[in-house]
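Worksheet: the structure to be examined is printed underneath.
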Amino acid sequence: MKKAIISLSFAAMTLFATDNMDIGIGLGRNALSNSPIENYNFFNIRIGKYLPKNHILRFELEKSEDILNNSEDITRFLLNIEHYFKINTTKLIPYVFIGGGYQKVSGNYNDNMVADLGVGGKYKVYNNLNAFAEFRFLRDFGNNDNHYGLLVGVLYKFGSENKKTIQKEHLDSDGDGVFDENDKCPNTIKGVKVDKNGCPLDSDGDGVYDNLDKCPNTPAGVSVDVNGCAVDNDKDGVPDYKDKCLHTEKGFKVNKFGCPVEYKLQVNFKYNSADLIQNSYNEIKKFAEFLKANPKYKVEIQGYTDNKGSEKYNENLSRKRAKTVYNALISLGISKDRLSYKGYGESNPIASNSTEEGRAKNRRVIAKLFY
């Protein structure tokens, strides 16, 4: 037995060469039914040559003893084609195989051609060392027997191609610490922190990676824009998930709940007068439509001036201008029970009165809203 194993192994290694191949040994058990042969153990040695497209050409030698009561034994030679399925996310490599060969039996049991097929799996134990297990069906044509076998063993993979494969499997092209074979985001920008899949972190789970997220602590489930910030459809500065008044029109100052508290009316008056310039009426009409759509609001119309002139004069002028707007809103159908007006003169400036630009900003009419 030893001489046969050594000589055949040497011949197979010479045929296959030592480049890009593996060699393995295993022990198995074959079961039969309706056969003079009892269930038997066997020893298996194999040499595999790697081929393109995930194929391996396997040469196998098997030896079993005491298969009949008179201590006969089988020597079997097999040539199989294996196709393996490499899955990058696991160390397990499943495979299928099919082939055939010849068995030589000492004693009364006949020498015959055989065919086999089966399934198996390899598991990477350490570097080039794999454990394997396979289930096999073998047909003995001459003796009309079916052999059902289970085989376990170890394989060692070596050769120059294997070194290239190892280097490839340990390549990290984007330098993120995750090897390319497992990297689901292979082009991560240098310096960006990644998860175990090689993808940039998304700490708040909003679908925008941390390195692009301008609002990195968005609560779970909140809709965000491309910058990772909570959506604010009415652009009032309060995100929709906090906004209790979702459709506030442009120009309103809102509170922390997104509801209007103030509106600056873009109205103009004739010089030193409370008479509106004609194009200002459209602005008041627009505000009236808002009040009609939101009947729970009440309004104080507040008039302001710059500091030109006396304090008393400015207070009277600002009151008259506020009343003009007040009257216009009533004429547009807004109940006076919802309206009031007051002149604040030159108080509460919002800009410097030392420049014309600042004084223009201070001459204003504000609608103060109450809910």
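By convention in this document, the chains of the structure tokens carry letters A, B, ... by their order, each chain's residues are numbered from 1, and ligands are numbered from 1 in the order they are shown.
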For segment 118-125 of chain A, please output as a short mmCIF file (atom, residue, chain, number, x, y, z; two decimals) with C-alpha atoms, in the first residue's frame all residues within 6 Å (counting only C-alpha atoms; exclusion window: fewer than 6 positions along the same chain).
```
data_model
loop_
_atom_site.label_atom_id
_atom_site.label_comp_id
_atom_site.auth_asym_id
_atom_site.auth_seq_id
_atom_site.Cartn_x
_atom_site.Cartn_y
_atom_site.Cartn_z
CA LYS A 91 -14.07 31.53 4.81
CA LEU A 92 -16.29 28.70 3.57
CA ILE A 93 -15.94 27.62 -0.07
CA PRO A 94 -18.65 25.19 -1.26
CA TYR A 95 -18.02 23.02 -4.30
CA VAL A 96 -19.42 20.25 -6.51
CA PHE A 97 -17.51 17.58 -8.41
CA ALA A 131 -10.26 21.60 6.19
CA PHE A 132 -12.73 19.89 3.89
CA ALA A 133 -15.74 17.58 4.05
CA GLU A 134 -17.68 16.04 1.20
CA PHE A 135 -20.50 13.66 0.48
CA ARG A 136 -20.01 11.34 -2.51
#
```
With a distance cut-off of 9 Å and only C-alpha atoms, select the neighbouring residues of segment 210-222 of chain A, excluding the residue or stretch itself and same-chain residues fewer than 2 positions from it, and output the selection as a short mmCIF file (atom, residue, chain, number, x, y, z; two decimals) with C-alpha atoms, in the first residue's frame.
```cif
data_model
loop_
_atom_site.label_atom_id
_atom_site.label_comp_id
_atom_site.auth_asym_id
_atom_site.auth_seq_id
_atom_site.Cartn_x
_atom_site.Cartn_y
_atom_site.Cartn_z
CA VAL A 192 -12.58 58.89 6.06
CA LYS A 193 -13.61 56.51 8.85
CA PRO A 200 -17.99 55.57 5.32
CA LEU A 201 -19.71 55.80 8.68
CA ASP A 202 -23.27 57.07 8.89
CA SER A 203 -23.59 57.58 12.64
CA ASP A 204 -27.16 58.92 12.64
CA GLY A 205 -28.39 56.40 10.04
CA ASP A 206 -29.94 59.03 7.76
CA VAL A 208 -25.75 60.45 4.31
CA VAL A 224 -33.10 64.67 5.31
CA VAL A 226 -28.52 65.78 0.39
CA ASN A 227 -26.50 67.44 3.16
CA GLY A 228 -27.97 65.17 5.84
CA CYS A 229 -30.01 68.01 7.38
CA ALA A 230 -33.66 67.65 8.31
CA VAL A 231 -35.98 68.78 5.54
CA ASP A 240 -40.43 69.80 9.28
CA TYR A 241 -40.29 67.25 12.11
#
```
Notebook entry, point to check: How many Å separate atom CA of Ser106 of chain A from atom CA of Ile37 of chain A?
Noted result: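 Taking atom CA of Ser106 of chain A and atom CA of Ile37 of chain A, their separation equals 12.8 Å.
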Closest atom pairs, residues of segment 284-329 of chain A within 10 Å of segment 257-277 of chain A, only C-alpha atoms, as a Markdown table:
```
| residue | atom | partner | partner_atom | distance |
| --- | --- | --- | --- | --- |
| A:Ile284 | CA | A:Leu265 | CA | 7.1 |
| A:Lys286 | CA | A:Leu265 | CA | 9.6 |
| A:Phe287 | CA | A:Leu265 | CA | 8.0 |
| A:Tyr297 | CA | A:Pro260 | CA | 9.3 |
| A:Val299 | CA | A:Glu262 | CA | 9.0 |
| A:Glu300 | CA | A:Glu262 | CA | 9.6 |
| A:Ile301 | CA | A:Leu265 | CA | 9.5 |
| A:Gln302 | CA | A:Lys264 | CA | 9.7 |
| A:Asn314 | CA | A:Asn272 | CA | 9.9 |
| A:Leu317 | CA | A:Ala274 | CA | 6.9 |
| A:Ser318 | CA | A:Ala274 | CA | 8.1 |
| A:Arg319 | CA | A:Ala274 | CA | 8.9 |
| A:Lys320 | CA | A:Ala274 | CA | 5.8 |
| A:Arg321 | CA | A:Ala274 | CA | 4.7 |
| A:Ala322 | CA | A:Ala274 | CA | 8.4 |
| A:Lys323 | CA | A:Ala274 | CA | 8.6 |
| A:Thr324 | CA | A:Ala274 | CA | 6.7 |
| A:Val325 | CA | A:Leu276 | CA | 8.5 |
| A:Ala328 | CA | A:Leu276 | CA | 9.9 |
```
Next item on the list: With a distance cut-off of 8 Å and only C-alpha atoms, select the neighbouring residues of Leu138 of chain A, excluding the residue or stretch itself and same-chain residues fewer than 2 positions from it, and output the selection as an NGL selection string.
Entry: :A and (114-117 or 136 or 140 or 146-149)
As an mmCIF file with N, CA and C atoms, in the first residue's frame, please: the residues near Lys298 of chain A (cut-off 12 Å, only C-alpha atoms, same-chain neighbours under 4 positions excluded).
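result12.cif was written with the following content:
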```cif
data_model
loop_
_atom_site.group_PDB
_atom_site.id
_atom_site.type_symbol
_atom_site.label_atom_id
_atom_site.label_comp_id
_atom_site.auth_asym_id
_atom_site.auth_seq_id
_atom_site.Cartn_x
_atom_site.Cartn_y
_atom_site.Cartn_z
ATOM 1 N N PRO A 260 -45.814 81.474 12.587
ATOM 2 C CA PRO A 260 -45.557 82.907 12.395
ATOM 3 C C PRO A 260 -45.794 83.728 13.659
ATOM 4 N N VAL A 261 -44.903 84.648 13.940
ATOM 5 C CA VAL A 261 -45.074 85.576 15.053
ATOM 6 C C VAL A 261 -44.951 87.020 14.581
ATOM 7 N N GLU A 262 -44.397 87.206 13.372
ATOM 8 C CA GLU A 262 -44.181 88.569 12.895
ATOM 9 C C GLU A 262 -44.026 88.562 11.382
ATOM 10 N N ALA A 288 -53.625 89.859 3.890
ATOM 11 C CA ALA A 288 -55.030 89.611 4.206
ATOM 12 C C ALA A 288 -55.429 88.180 3.854
ATOM 13 N N PHE A 290 -53.487 85.631 3.921
ATOM 14 C CA PHE A 290 -52.928 84.779 4.970
ATOM 15 C C PHE A 290 -53.842 84.762 6.192
ATOM 16 N N LEU A 291 -54.319 85.927 6.610
ATOM 17 C CA LEU A 291 -55.194 85.993 7.777
ATOM 18 C C LEU A 291 -56.509 85.253 7.549
ATOM 19 N N LYS A 292 -57.019 85.302 6.348
ATOM 20 C CA LYS A 292 -58.252 84.562 6.031
ATOM 21 C C LYS A 292 -58.012 83.051 6.104
ATOM 22 N N ASN A 294 -55.858 81.643 8.023
ATOM 23 C CA ASN A 294 -55.471 81.293 9.386
ATOM 24 C C ASN A 294 -56.287 82.130 10.370
ATOM 25 N N ILE A 334 -61.062 91.581 6.690
ATOM 26 C CA ILE A 334 -60.556 91.087 7.964
ATOM 27 C C ILE A 334 -61.307 91.792 9.091
ATOM 28 N N SER A 335 -61.872 91.001 9.992
ATOM 29 C CA SER A 335 -62.654 91.571 11.096
ATOM 30 C C SER A 335 -61.770 92.446 11.974
ATOM 31 N N LYS A 336 -62.338 93.630 12.358
ATOM 32 C CA LYS A 336 -61.554 94.525 13.207
ATOM 33 C C LYS A 336 -61.370 93.962 14.614
ATOM 34 N N ASP A 337 -62.147 92.898 14.942
ATOM 35 C CA ASP A 337 -61.960 92.243 16.240
ATOM 36 C C ASP A 337 -60.618 91.513 16.307
ATOM 37 N N ARG A 338 -60.064 91.253 15.151
ATOM 38 C CA ARG A 338 -58.776 90.565 15.087
ATOM 39 C C ARG A 338 -57.614 91.538 14.942
ATOM 40 N N LEU A 339 -57.919 92.827 14.804
ATOM 41 C CA LEU A 339 -56.889 93.806 14.455
ATOM 42 C C LEU A 339 -56.752 94.897 15.504
ATOM 43 N N SER A 340 -55.544 95.406 15.642
ATOM 44 C CA SER A 340 -55.274 96.624 16.417
ATOM 45 C C SER A 340 -54.067 97.303 15.765
ATOM 46 N N TYR A 341 -53.800 98.570 16.140
ATOM 47 C CA TYR A 341 -52.658 99.260 15.552
ATOM 48 C C TYR A 341 -52.040 100.178 16.599
ATOM 49 N N ALA A 367 -46.374 93.535 11.230
ATOM 50 C CA ALA A 367 -47.595 92.879 11.690
ATOM 51 C C ALA A 367 -47.193 91.882 12.775
ATOM 52 N N LYS A 368 -47.521 92.191 14.022
ATOM 53 C CA LYS A 368 -47.218 91.317 15.144
ATOM 54 C C LYS A 368 -48.374 90.340 15.323
ATOM 55 N N LEU A 369 -48.074 89.043 15.262
ATOM 56 C CA LEU A 369 -49.122 88.015 15.270
ATOM 57 C C LEU A 369 -49.253 87.386 16.653
ATOM 58 N N PHE A 370 -50.508 87.123 17.008
ATOM 59 C CA PHE A 370 -50.828 86.457 18.275
ATOM 60 C C PHE A 370 -51.741 85.291 17.968
ATOM 61 N N TYR A 371 -51.448 84.136 18.572
ATOM 62 C CA TYR A 371 -52.223 82.930 18.275
ATOM 63 C C TYR A 371 -53.163 82.652 19.423
#
```
Notebook entry, point to check: Out of A:Asp232, A:Asn128, A:Tyr40, A:Arg58, which residue has the shortest atom-to-atom distance to Lys244 of chain A when counting only C-alpha atoms?
Noted result: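 Between A:Asp232, A:Asn128, A:Tyr40, A:Arg58, the residue approaching Lys244 of chain A most closely is A:Asp232.
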Item checked: Pairwise distance for atom CA of Lys308 of chain A and atom CA of Asn353 of chain A, rounded to one decimal in Å ->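 The value is 8.6 Å.
The list of residues with at least one atom within 12 Å of Val178 of chain A, based on only C-alpha atoms and without residues fewer than 5 positions apart in the same chain, reads Thr89, Glu169, His170, Leu171, Asp172, Ser173, Asp183, Lys184, Cys185, Pro186, Asn187, Thr188, Lys193, Val194, Asp195, Lys196, Asn197, Gly198, Cys199 and Pro200 of chain A.
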Check: How many Å lie between atom CA of Phe137 of chain A and atom CA of Asn44 of chain A, rounded to one decimal?
Finding: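 Taking atom CA of Phe137 of chain A as the start and atom CA of Asn44 of chain A as the end point, the length is 15.0 Å.
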